[in-house]
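Structure file work22.cif (mmCIF, N, CA and C atoms) follows.
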```
data_run
loop_
_atom_site.label_atom_id
_atom_site.label_comp_id
_atom_site.auth_asym_id
_atom_site.auth_seq_id
_atom_site.Cartn_x
_atom_site.Cartn_y
_atom_site.Cartn_z
N MET A 953 0.82 -1.20 0.00
CA MET A 953 0.00 0.00 0.00
C MET A 953 0.86 1.27 0.00
N ALA A 954 2.10 1.15 0.44
CA ALA A 954 2.97 2.33 0.48
C ALA A 954 3.19 2.91 -0.92
N PHE A 955 3.37 2.05 -1.90
CA PHE A 955 3.58 2.50 -3.28
C PHE A 955 2.40 3.36 -3.73
N GLU A 956 1.21 2.83 -3.54
CA GLU A 956 0.01 3.53 -3.98
C GLU A 956 -0.14 4.88 -3.27
N GLN A 957 0.16 4.91 -1.97
CA GLN A 957 0.04 6.15 -1.20
C GLN A 957 1.05 7.19 -1.68
N THR A 958 2.26 6.77 -1.96
CA THR A 958 3.28 7.70 -2.44
C THR A 958 2.90 8.27 -3.81
N VAL A 959 2.35 7.43 -4.67
CA VAL A 959 1.89 7.91 -5.97
C VAL A 959 0.79 8.95 -5.79
N LYS A 960 -0.13 8.70 -4.84
CA LYS A 960 -1.19 9.68 -4.57
C LYS A 960 -0.60 11.01 -4.09
N GLU A 961 0.43 10.94 -3.25
CA GLU A 961 1.09 12.17 -2.80
C GLU A 961 1.69 12.92 -3.98
N MET A 962 2.28 12.19 -4.91
CA MET A 962 2.85 12.82 -6.09
C MET A 962 1.77 13.45 -6.95
N GLU A 963 0.64 12.75 -7.10
CA GLU A 963 -0.48 13.31 -7.87
C GLU A 963 -0.98 14.60 -7.23
N GLN A 964 -1.07 14.61 -5.92
CA GLN A 964 -1.51 15.81 -5.21
C GLN A 964 -0.54 16.96 -5.40
N MET A 965 0.74 16.65 -5.43
CA MET A 965 1.74 17.69 -5.66
C MET A 965 1.56 18.34 -7.03
N LEU A 966 1.15 17.55 -8.02
CA LEU A 966 0.95 18.11 -9.36
C LEU A 966 -0.25 19.05 -9.42
N ASP A 967 -1.13 18.96 -8.43
CA ASP A 967 -2.28 19.86 -8.36
C ASP A 967 -1.90 21.22 -7.77
N GLU A 968 -0.69 21.31 -7.24
CA GLU A 968 -0.24 22.58 -6.67
C GLU A 968 0.11 23.55 -7.80
N GLU A 969 0.46 24.75 -7.46
CA GLU A 969 0.73 25.83 -8.43
C GLU A 969 2.15 25.77 -8.99
N TRP A 970 2.66 24.56 -9.25
CA TRP A 970 4.06 24.41 -9.62
C TRP A 970 4.42 25.16 -10.91
N PHE A 971 3.52 25.20 -11.87
CA PHE A 971 3.86 25.88 -13.12
C PHE A 971 4.02 27.38 -12.90
N GLU A 972 3.17 27.94 -12.04
CA GLU A 972 3.30 29.36 -11.70
C GLU A 972 4.62 29.62 -10.97
N TRP A 973 4.99 28.70 -10.08
CA TRP A 973 6.26 28.85 -9.36
C TRP A 973 7.43 28.78 -10.33
N LEU A 974 7.31 27.92 -11.33
CA LEU A 974 8.38 27.80 -12.34
C LEU A 974 8.61 29.15 -13.02
N GLU A 975 7.53 29.87 -13.27
CA GLU A 975 7.63 31.16 -13.94
C GLU A 975 7.99 32.31 -13.00
N ASN A 976 7.51 32.23 -11.73
CA ASN A 976 7.60 33.41 -10.86
C ASN A 976 8.39 33.24 -9.57
N ASP A 977 8.64 32.02 -9.14
CA ASP A 977 9.32 31.80 -7.86
C ASP A 977 10.21 30.57 -7.98
N GLU A 978 11.37 30.78 -8.57
CA GLU A 978 12.26 29.67 -8.88
C GLU A 978 12.67 28.88 -7.64
N ASP A 979 12.91 29.57 -6.53
CA ASP A 979 13.29 28.87 -5.30
C ASP A 979 12.19 27.94 -4.82
N LYS A 980 10.95 28.42 -4.84
CA LYS A 980 9.82 27.59 -4.42
C LYS A 980 9.65 26.41 -5.37
N TYR A 981 9.78 26.68 -6.68
CA TYR A 981 9.68 25.60 -7.65
C TYR A 981 10.76 24.55 -7.42
N ASN A 982 12.00 24.98 -7.21
CA ASN A 982 13.10 24.04 -7.00
C ASN A 982 12.88 23.19 -5.75
N ALA A 983 12.38 23.79 -4.68
CA ALA A 983 12.08 23.05 -3.45
C ALA A 983 10.98 22.02 -3.72
N TRP A 984 9.95 22.44 -4.45
CA TRP A 984 8.85 21.55 -4.81
C TRP A 984 9.36 20.40 -5.67
N ARG A 985 10.18 20.73 -6.66
CA ARG A 985 10.74 19.71 -7.57
C ARG A 985 11.61 18.72 -6.80
N ASP A 986 12.42 19.22 -5.87
CA ASP A 986 13.26 18.34 -5.05
C ASP A 986 12.40 17.36 -4.25
N GLN A 987 11.30 17.87 -3.70
CA GLN A 987 10.40 17.02 -2.93
C GLN A 987 9.76 15.95 -3.83
N LEU A 988 9.37 16.35 -5.03
CA LEU A 988 8.78 15.40 -5.97
C LEU A 988 9.79 14.32 -6.35
N GLU A 989 11.03 14.71 -6.59
CA GLU A 989 12.06 13.74 -6.95
C GLU A 989 12.38 12.81 -5.78
N THR A 990 12.31 13.33 -4.56
CA THR A 990 12.50 12.48 -3.38
C THR A 990 11.39 11.43 -3.29
N LEU A 991 10.17 11.85 -3.56
CA LEU A 991 9.05 10.90 -3.57
C LEU A 991 9.23 9.86 -4.68
N ALA A 992 9.74 10.28 -5.83
CA ALA A 992 9.97 9.34 -6.94
C ALA A 992 11.01 8.29 -6.54
N GLU A 993 12.06 8.71 -5.86
CA GLU A 993 13.07 7.75 -5.39
C GLU A 993 12.45 6.81 -4.36
N GLN A 994 11.65 7.36 -3.48
CA GLN A 994 10.99 6.57 -2.43
C GLN A 994 10.04 5.55 -3.03
N VAL A 995 9.23 5.98 -3.99
CA VAL A 995 8.23 5.08 -4.56
C VAL A 995 8.89 3.88 -5.22
N MET A 996 10.07 4.06 -5.79
CA MET A 996 10.73 2.93 -6.43
C MET A 996 11.22 1.91 -5.40
N THR A 997 11.54 2.36 -4.20
CA THR A 997 11.93 1.40 -3.15
C THR A 997 10.71 0.67 -2.61
N GLU A 998 9.52 1.23 -2.81
CA GLU A 998 8.29 0.63 -2.30
C GLU A 998 7.64 -0.31 -3.32
N TYR A 999 8.14 -0.31 -4.54
CA TYR A 999 7.55 -1.15 -5.58
C TYR A 999 7.69 -2.63 -5.23
N ASN A 1000 6.65 -3.38 -5.49
CA ASN A 1000 6.71 -4.84 -5.45
C ASN A 1000 5.70 -5.33 -6.50
N PRO A 1001 5.84 -6.57 -6.93
CA PRO A 1001 4.98 -7.06 -8.02
C PRO A 1001 3.48 -7.07 -7.70
N LYS A 1002 3.10 -6.85 -6.44
CA LYS A 1002 1.68 -6.91 -6.08
C LYS A 1002 1.02 -5.54 -6.02
N VAL A 1003 1.73 -4.48 -6.38
CA VAL A 1003 1.11 -3.15 -6.33
C VAL A 1003 0.02 -3.05 -7.38
N GLU A 1004 -0.92 -2.14 -7.14
CA GLU A 1004 -2.02 -1.95 -8.08
C GLU A 1004 -1.50 -1.39 -9.40
N THR A 1005 -1.94 -1.98 -10.49
CA THR A 1005 -1.46 -1.52 -11.79
C THR A 1005 -1.94 -0.11 -12.10
N ASP A 1006 -3.07 0.30 -11.54
CA ASP A 1006 -3.52 1.68 -11.75
C ASP A 1006 -2.53 2.67 -11.16
N ALA A 1007 -1.92 2.30 -10.04
CA ALA A 1007 -0.92 3.18 -9.43
C ALA A 1007 0.34 3.25 -10.30
N ILE A 1008 0.70 2.12 -10.90
CA ILE A 1008 1.84 2.13 -11.83
C ILE A 1008 1.53 3.05 -13.00
N ASP A 1009 0.34 2.91 -13.56
CA ASP A 1009 -0.05 3.74 -14.69
C ASP A 1009 -0.05 5.22 -14.30
N SER A 1010 -0.56 5.53 -13.13
CA SER A 1010 -0.58 6.92 -12.66
C SER A 1010 0.83 7.47 -12.54
N LEU A 1011 1.73 6.66 -12.00
CA LEU A 1011 3.12 7.10 -11.86
C LEU A 1011 3.76 7.34 -13.23
N LEU A 1012 3.49 6.46 -14.17
CA LEU A 1012 4.04 6.64 -15.51
C LEU A 1012 3.46 7.87 -16.20
N LEU A 1013 2.19 8.16 -15.96
CA LEU A 1013 1.60 9.38 -16.52
C LEU A 1013 2.20 10.63 -15.88
N ILE A 1014 2.45 10.57 -14.58
CA ILE A 1014 3.14 11.68 -13.92
C ILE A 1014 4.50 11.89 -14.56
N ASN A 1015 5.19 10.78 -14.80
CA ASN A 1015 6.52 10.85 -15.39
C ASN A 1015 6.50 11.42 -16.81
N GLU A 1016 5.42 11.17 -17.54
CA GLU A 1016 5.31 11.75 -18.88
C GLU A 1016 5.10 13.26 -18.79
N GLU A 1017 4.34 13.69 -17.80
CA GLU A 1017 4.08 15.12 -17.63
C GLU A 1017 5.32 15.85 -17.11
N LEU A 1018 5.99 15.24 -16.17
CA LEU A 1018 7.13 15.88 -15.51
C LEU A 1018 8.14 14.79 -15.15
N PRO A 1019 9.11 14.52 -16.01
CA PRO A 1019 10.02 13.39 -15.79
C PRO A 1019 10.73 13.43 -14.43
N VAL A 1020 10.52 12.36 -13.66
CA VAL A 1020 11.19 12.20 -12.38
C VAL A 1020 11.81 10.81 -12.26
N LEU A 1021 11.48 9.92 -13.19
CA LEU A 1021 12.04 8.57 -13.23
C LEU A 1021 12.81 8.43 -14.53
N TYR A 1022 13.86 7.65 -14.49
CA TYR A 1022 14.70 7.52 -15.68
C TYR A 1022 15.10 6.06 -15.89
N GLY A 1023 15.44 5.75 -17.11
CA GLY A 1023 16.07 4.49 -17.45
C GLY A 1023 15.38 3.25 -16.96
N GLU A 1024 16.11 2.47 -16.18
CA GLU A 1024 15.65 1.16 -15.76
C GLU A 1024 14.35 1.21 -14.97
N ASP A 1025 14.18 2.26 -14.15
CA ASP A 1025 12.95 2.37 -13.36
C ASP A 1025 11.73 2.45 -14.28
N THR A 1026 11.83 3.28 -15.30
CA THR A 1026 10.71 3.44 -16.23
C THR A 1026 10.44 2.15 -16.98
N VAL A 1027 11.49 1.51 -17.46
CA VAL A 1027 11.32 0.26 -18.20
C VAL A 1027 10.71 -0.81 -17.29
N MET A 1028 11.17 -0.90 -16.05
CA MET A 1028 10.63 -1.89 -15.12
C MET A 1028 9.15 -1.67 -14.87
N LEU A 1029 8.74 -0.42 -14.70
CA LEU A 1029 7.32 -0.13 -14.48
C LEU A 1029 6.48 -0.45 -15.72
N TYR A 1030 6.99 -0.11 -16.90
CA TYR A 1030 6.26 -0.45 -18.11
C TYR A 1030 6.15 -1.96 -18.29
N THR A 1031 7.21 -2.67 -17.96
CA THR A 1031 7.16 -4.13 -18.06
C THR A 1031 6.10 -4.69 -17.12
N ALA A 1032 6.03 -4.15 -15.91
CA ALA A 1032 5.00 -4.60 -14.95
C ALA A 1032 3.60 -4.27 -15.49
N LEU A 1033 3.46 -3.09 -16.07
CA LEU A 1033 2.16 -2.69 -16.61
C LEU A 1033 1.79 -3.56 -17.82
N LEU A 1034 2.76 -3.84 -18.68
CA LEU A 1034 2.50 -4.72 -19.82
C LEU A 1034 2.09 -6.11 -19.35
N HIS A 1035 2.75 -6.59 -18.32
CA HIS A 1035 2.42 -7.93 -17.80
C HIS A 1035 0.96 -7.97 -17.31
N ALA A 1036 0.54 -6.90 -16.67
CA ALA A 1036 -0.82 -6.85 -16.14
C ALA A 1036 -1.86 -6.54 -17.22
N ARG A 1037 -1.44 -5.85 -18.26
CA ARG A 1037 -2.38 -5.41 -19.31
C ARG A 1037 -1.88 -5.80 -20.69
N LYS A 1038 -1.70 -7.08 -20.88
CA LYS A 1038 -1.11 -7.59 -22.12
C LYS A 1038 -1.89 -7.23 -23.37
N GLU A 1039 -3.16 -6.87 -23.21
CA GLU A 1039 -3.97 -6.55 -24.39
C GLU A 1039 -4.37 -5.09 -24.45
N ASP A 1040 -3.61 -4.23 -23.77
CA ASP A 1040 -3.89 -2.79 -23.76
C ASP A 1040 -2.95 -2.10 -24.74
N GLU A 1041 -3.48 -1.78 -25.91
CA GLU A 1041 -2.65 -1.19 -26.97
C GLU A 1041 -2.04 0.14 -26.55
N THR A 1042 -2.73 0.90 -25.71
CA THR A 1042 -2.18 2.20 -25.29
C THR A 1042 -0.91 2.04 -24.48
N VAL A 1043 -0.82 0.97 -23.70
CA VAL A 1043 0.39 0.73 -22.92
C VAL A 1043 1.55 0.42 -23.87
N TYR A 1044 1.29 -0.40 -24.87
CA TYR A 1044 2.34 -0.70 -25.86
C TYR A 1044 2.77 0.57 -26.59
N GLU A 1045 1.81 1.40 -26.98
CA GLU A 1045 2.14 2.64 -27.69
C GLU A 1045 3.04 3.54 -26.86
N ARG A 1046 2.70 3.72 -25.59
CA ARG A 1046 3.50 4.57 -24.71
C ARG A 1046 4.89 3.97 -24.50
N TYR A 1047 4.95 2.66 -24.30
CA TYR A 1047 6.22 1.97 -24.09
C TYR A 1047 7.12 2.09 -25.32
N LEU A 1048 6.54 1.89 -26.49
CA LEU A 1048 7.30 2.00 -27.73
C LEU A 1048 7.78 3.44 -27.95
N ALA A 1049 6.96 4.41 -27.60
CA ALA A 1049 7.36 5.80 -27.75
C ALA A 1049 8.55 6.13 -26.85
N ILE A 1050 8.52 5.63 -25.61
CA ILE A 1050 9.62 5.87 -24.68
C ILE A 1050 10.90 5.23 -25.20
N LEU A 1051 10.84 3.95 -25.54
CA LEU A 1051 12.04 3.25 -26.00
C LEU A 1051 12.47 3.72 -27.38
N GLY A 1052 11.50 4.09 -28.20
CA GLY A 1052 11.82 4.57 -29.54
C GLY A 1052 12.64 5.86 -29.53
N ALA A 1053 12.52 6.61 -28.46
CA ALA A 1053 13.30 7.85 -28.35
C ALA A 1053 14.79 7.57 -28.21
N PHE A 1054 15.14 6.33 -27.82
CA PHE A 1054 16.54 5.99 -27.61
C PHE A 1054 17.10 5.08 -28.69
N ALA A 1055 16.32 4.83 -29.73
CA ALA A 1055 16.76 3.93 -30.79
C ALA A 1055 16.49 4.58 -32.14
N GLU A 1056 17.03 3.97 -33.18
CA GLU A 1056 16.72 4.48 -34.50
C GLU A 1056 15.24 4.25 -34.79
N GLU A 1057 14.66 5.17 -35.50
CA GLU A 1057 13.21 5.20 -35.70
C GLU A 1057 12.64 3.90 -36.26
N ASN A 1058 13.32 3.30 -37.19
CA ASN A 1058 12.80 2.10 -37.85
C ASN A 1058 13.51 0.83 -37.38
N HIS A 1059 13.92 0.80 -36.15
CA HIS A 1059 14.61 -0.39 -35.64
C HIS A 1059 13.69 -1.61 -35.78
N PRO A 1060 14.20 -2.70 -36.30
CA PRO A 1060 13.37 -3.89 -36.53
C PRO A 1060 12.67 -4.41 -35.26
N ALA A 1061 13.32 -4.32 -34.12
CA ALA A 1061 12.70 -4.82 -32.88
C ALA A 1061 11.45 -4.01 -32.53
N LEU A 1062 11.51 -2.70 -32.75
CA LEU A 1062 10.33 -1.86 -32.50
C LEU A 1062 9.21 -2.22 -33.46
N ARG A 1063 9.57 -2.39 -34.73
CA ARG A 1063 8.57 -2.71 -35.75
C ARG A 1063 7.90 -4.06 -35.47
N GLN A 1064 8.66 -5.04 -34.96
CA GLN A 1064 8.10 -6.35 -34.67
C GLN A 1064 7.01 -6.26 -33.60
N VAL A 1065 7.25 -5.45 -32.58
CA VAL A 1065 6.24 -5.28 -31.53
C VAL A 1065 5.03 -4.55 -32.10
N GLU A 1066 5.27 -3.50 -32.87
CA GLU A 1066 4.16 -2.76 -33.47
C GLU A 1066 3.30 -3.66 -34.35
N GLN A 1067 3.96 -4.50 -35.15
CA GLN A 1067 3.23 -5.40 -36.04
C GLN A 1067 2.41 -6.42 -35.25
N ALA A 1068 2.97 -6.95 -34.19
CA ALA A 1068 2.25 -7.92 -33.37
C ALA A 1068 1.02 -7.27 -32.72
N VAL A 1069 1.19 -6.04 -32.24
CA VAL A 1069 0.05 -5.33 -31.63
C VAL A 1069 -1.01 -5.06 -32.70
N ALA A 1070 -0.59 -4.64 -33.89
CA ALA A 1070 -1.54 -4.37 -34.97
C ALA A 1070 -2.34 -5.61 -35.34
N LYS A 1071 -1.71 -6.78 -35.25
CA LYS A 1071 -2.39 -8.04 -35.54
C LYS A 1071 -3.16 -8.58 -34.34
N LYS A 1072 -3.06 -7.85 -33.23
CA LYS A 1072 -3.69 -8.26 -31.96
C LYS A 1072 -3.13 -9.59 -31.46
N ASP A 1073 -1.87 -9.84 -31.81
CA ASP A 1073 -1.13 -11.01 -31.32
C ASP A 1073 -0.38 -10.56 -30.06
N TYR A 1074 -1.13 -10.46 -28.98
CA TYR A 1074 -0.59 -9.86 -27.76
C TYR A 1074 0.45 -10.73 -27.07
N GLN A 1075 0.36 -12.03 -27.24
CA GLN A 1075 1.38 -12.90 -26.64
C GLN A 1075 2.74 -12.61 -27.27
N THR A 1076 2.78 -12.54 -28.59
CA THR A 1076 4.03 -12.21 -29.28
C THR A 1076 4.47 -10.79 -28.94
N ALA A 1077 3.52 -9.86 -28.93
CA ALA A 1077 3.85 -8.47 -28.62
C ALA A 1077 4.49 -8.35 -27.24
N TYR A 1078 3.89 -9.01 -26.26
CA TYR A 1078 4.42 -8.95 -24.90
C TYR A 1078 5.81 -9.59 -24.83
N THR A 1079 5.95 -10.76 -25.42
CA THR A 1079 7.23 -11.47 -25.39
C THR A 1079 8.35 -10.62 -25.99
N LYS A 1080 8.05 -9.98 -27.10
CA LYS A 1080 9.06 -9.14 -27.76
C LYS A 1080 9.25 -7.81 -27.04
N ALA A 1081 8.18 -7.27 -26.47
CA ALA A 1081 8.26 -5.96 -25.80
C ALA A 1081 9.16 -6.01 -24.57
N VAL A 1082 9.08 -7.07 -23.79
CA VAL A 1082 9.90 -7.13 -22.58
C VAL A 1082 11.38 -7.32 -22.92
N LYS A 1083 11.66 -7.76 -24.14
CA LYS A 1083 13.06 -7.94 -24.57
C LYS A 1083 13.59 -6.72 -25.34
N LEU A 1084 12.74 -5.73 -25.56
CA LEU A 1084 13.14 -4.55 -26.34
C LEU A 1084 14.38 -3.83 -25.80
N PRO A 1085 14.46 -3.55 -24.51
CA PRO A 1085 15.66 -2.82 -24.06
C PRO A 1085 16.95 -3.52 -24.45
N GLN A 1086 16.98 -4.82 -24.32
CA GLN A 1086 18.17 -5.58 -24.70
C GLN A 1086 18.36 -5.53 -26.22
N ALA A 1087 17.28 -5.73 -26.98
CA ALA A 1087 17.36 -5.73 -28.44
C ALA A 1087 17.83 -4.38 -28.97
N LEU A 1088 17.50 -3.31 -28.25
CA LEU A 1088 17.89 -1.96 -28.68
C LEU A 1088 19.25 -1.56 -28.15
N GLY A 1089 19.87 -2.46 -27.38
CA GLY A 1089 21.18 -2.17 -26.82
C GLY A 1089 21.16 -1.19 -25.66
N LEU A 1090 20.05 -1.16 -24.93
CA LEU A 1090 19.92 -0.20 -23.83
C LEU A 1090 20.31 -0.81 -22.49
N GLU A 1091 20.57 -2.10 -22.44
CA GLU A 1091 20.96 -2.73 -21.17
C GLU A 1091 22.45 -2.91 -21.11
#
```
Represent the structure contained in this file as structure tokens.
Amino acid sequence: MAFEQTVKEMEQMLDEEWFEWLENDEDKYNAWRDQLETLAEQVMTEYNPKVETDAIDSLLLINEELPVLYGEDTVMLYTALLHARKEDETVYERYLAILGAFAEENHPALRQVEQAVAKKDYQTAYTKAVKLPQALGLE
């Protein structure tokens, strides 16, 4: 439950006036950002395979809005989300977009996952998706 609670705290922080602080009060924004990054580090220590997938999705959406997680943490969370939602095309799309930013646009491994998702062959898509970081040379 700690993971879910920390994600909720992060979501609440995003409801604060952070964008205004970014423009008008850099010190306040930096303090807020430091606190958010501390929560991001904390939430990763609280992760376990039994956490609610909605909380994982919420954390990944927070990260898309305001990056606080990087590299292996993001890939691990997407892998967990893919495992729980093997037939959710939006999860594959977001995952491919994240990994695609670090690889050549037409990398065959990316295309194989896209093709499997397009065919609704989710077993193949999942199997290939979890191996993408290695196939792209990111590990």
query = Hey, what comes out of the PyMOL selection byres ((chain A and resi 1021-1034) around 8) on this file? Could you write it as a PyMOL selection string?
reply = chain A and resi 989+992-993+996+1001+1005-1006+1008-1009+1012+1014-1016+1018-1020+1035-1040+1043-1044+1046-1047+1078+1081-1082+1085
task = Within 12 Å of Glu961 of chain A, counting only C-alpha atoms, which residues show up once you throw out same-chain ones fewer than 3 positions away? Write them as a list in words, please.
result =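 The contact residues come out as Ala954, Phe955, Glu956, Gln957, Thr958, Gln964, Met965, Leu966, Asp967, Glu968, Gln987, Leu988, Glu989, Thr990, Leu991, Ala992, Gln994, Val995, Ala1007, Ser1010, Leu1011 and Ile1014 of chain A.
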Residue members of the PyMOL selection byres ((chain A and resi 1061-1073) around 7) in the file shown, as a list in words =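 Applied to this file, the PyMOL selection byres ((chain A and resi 1061-1073) around 7) selects Glu1041, Leu1048, Asn1058, His1059, Pro1060, Tyr1074, Gln1075, Thr1076, Ala1077, Tyr1078, Lys1080, Ala1081, Leu1084, Ala1087 and Leu1088 of chain A.
Rounded to one decimal, atom N of Glu1045 of chain A and atom C of Glu998 of chain A lie 24.4 Å from each other.
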remark   = Computed gap from atom CA of Gly1089 of chain A to atom CA of Thr1042 of chain A is 23.8 Å
task = Grab the atom CA of Tyr999 of chain A to atom CA of Lys980 of chain A distance for me, in Å with one decimal place.
result =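 Atom CA of Tyr999 of chain A sits 28.9 Å away from atom CA of Lys980 of chain A.
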key: alpha helix (DSSP H) residues, from DSSP on the backbone, in chain A, as a VMD selection string   = chain A and resid 954 to 966 970 to 976 978 to 998 1005 to 1017 1024 to 1036 1041 to 1052 1060 to 1070 1074 to 1081 1084 to 1087
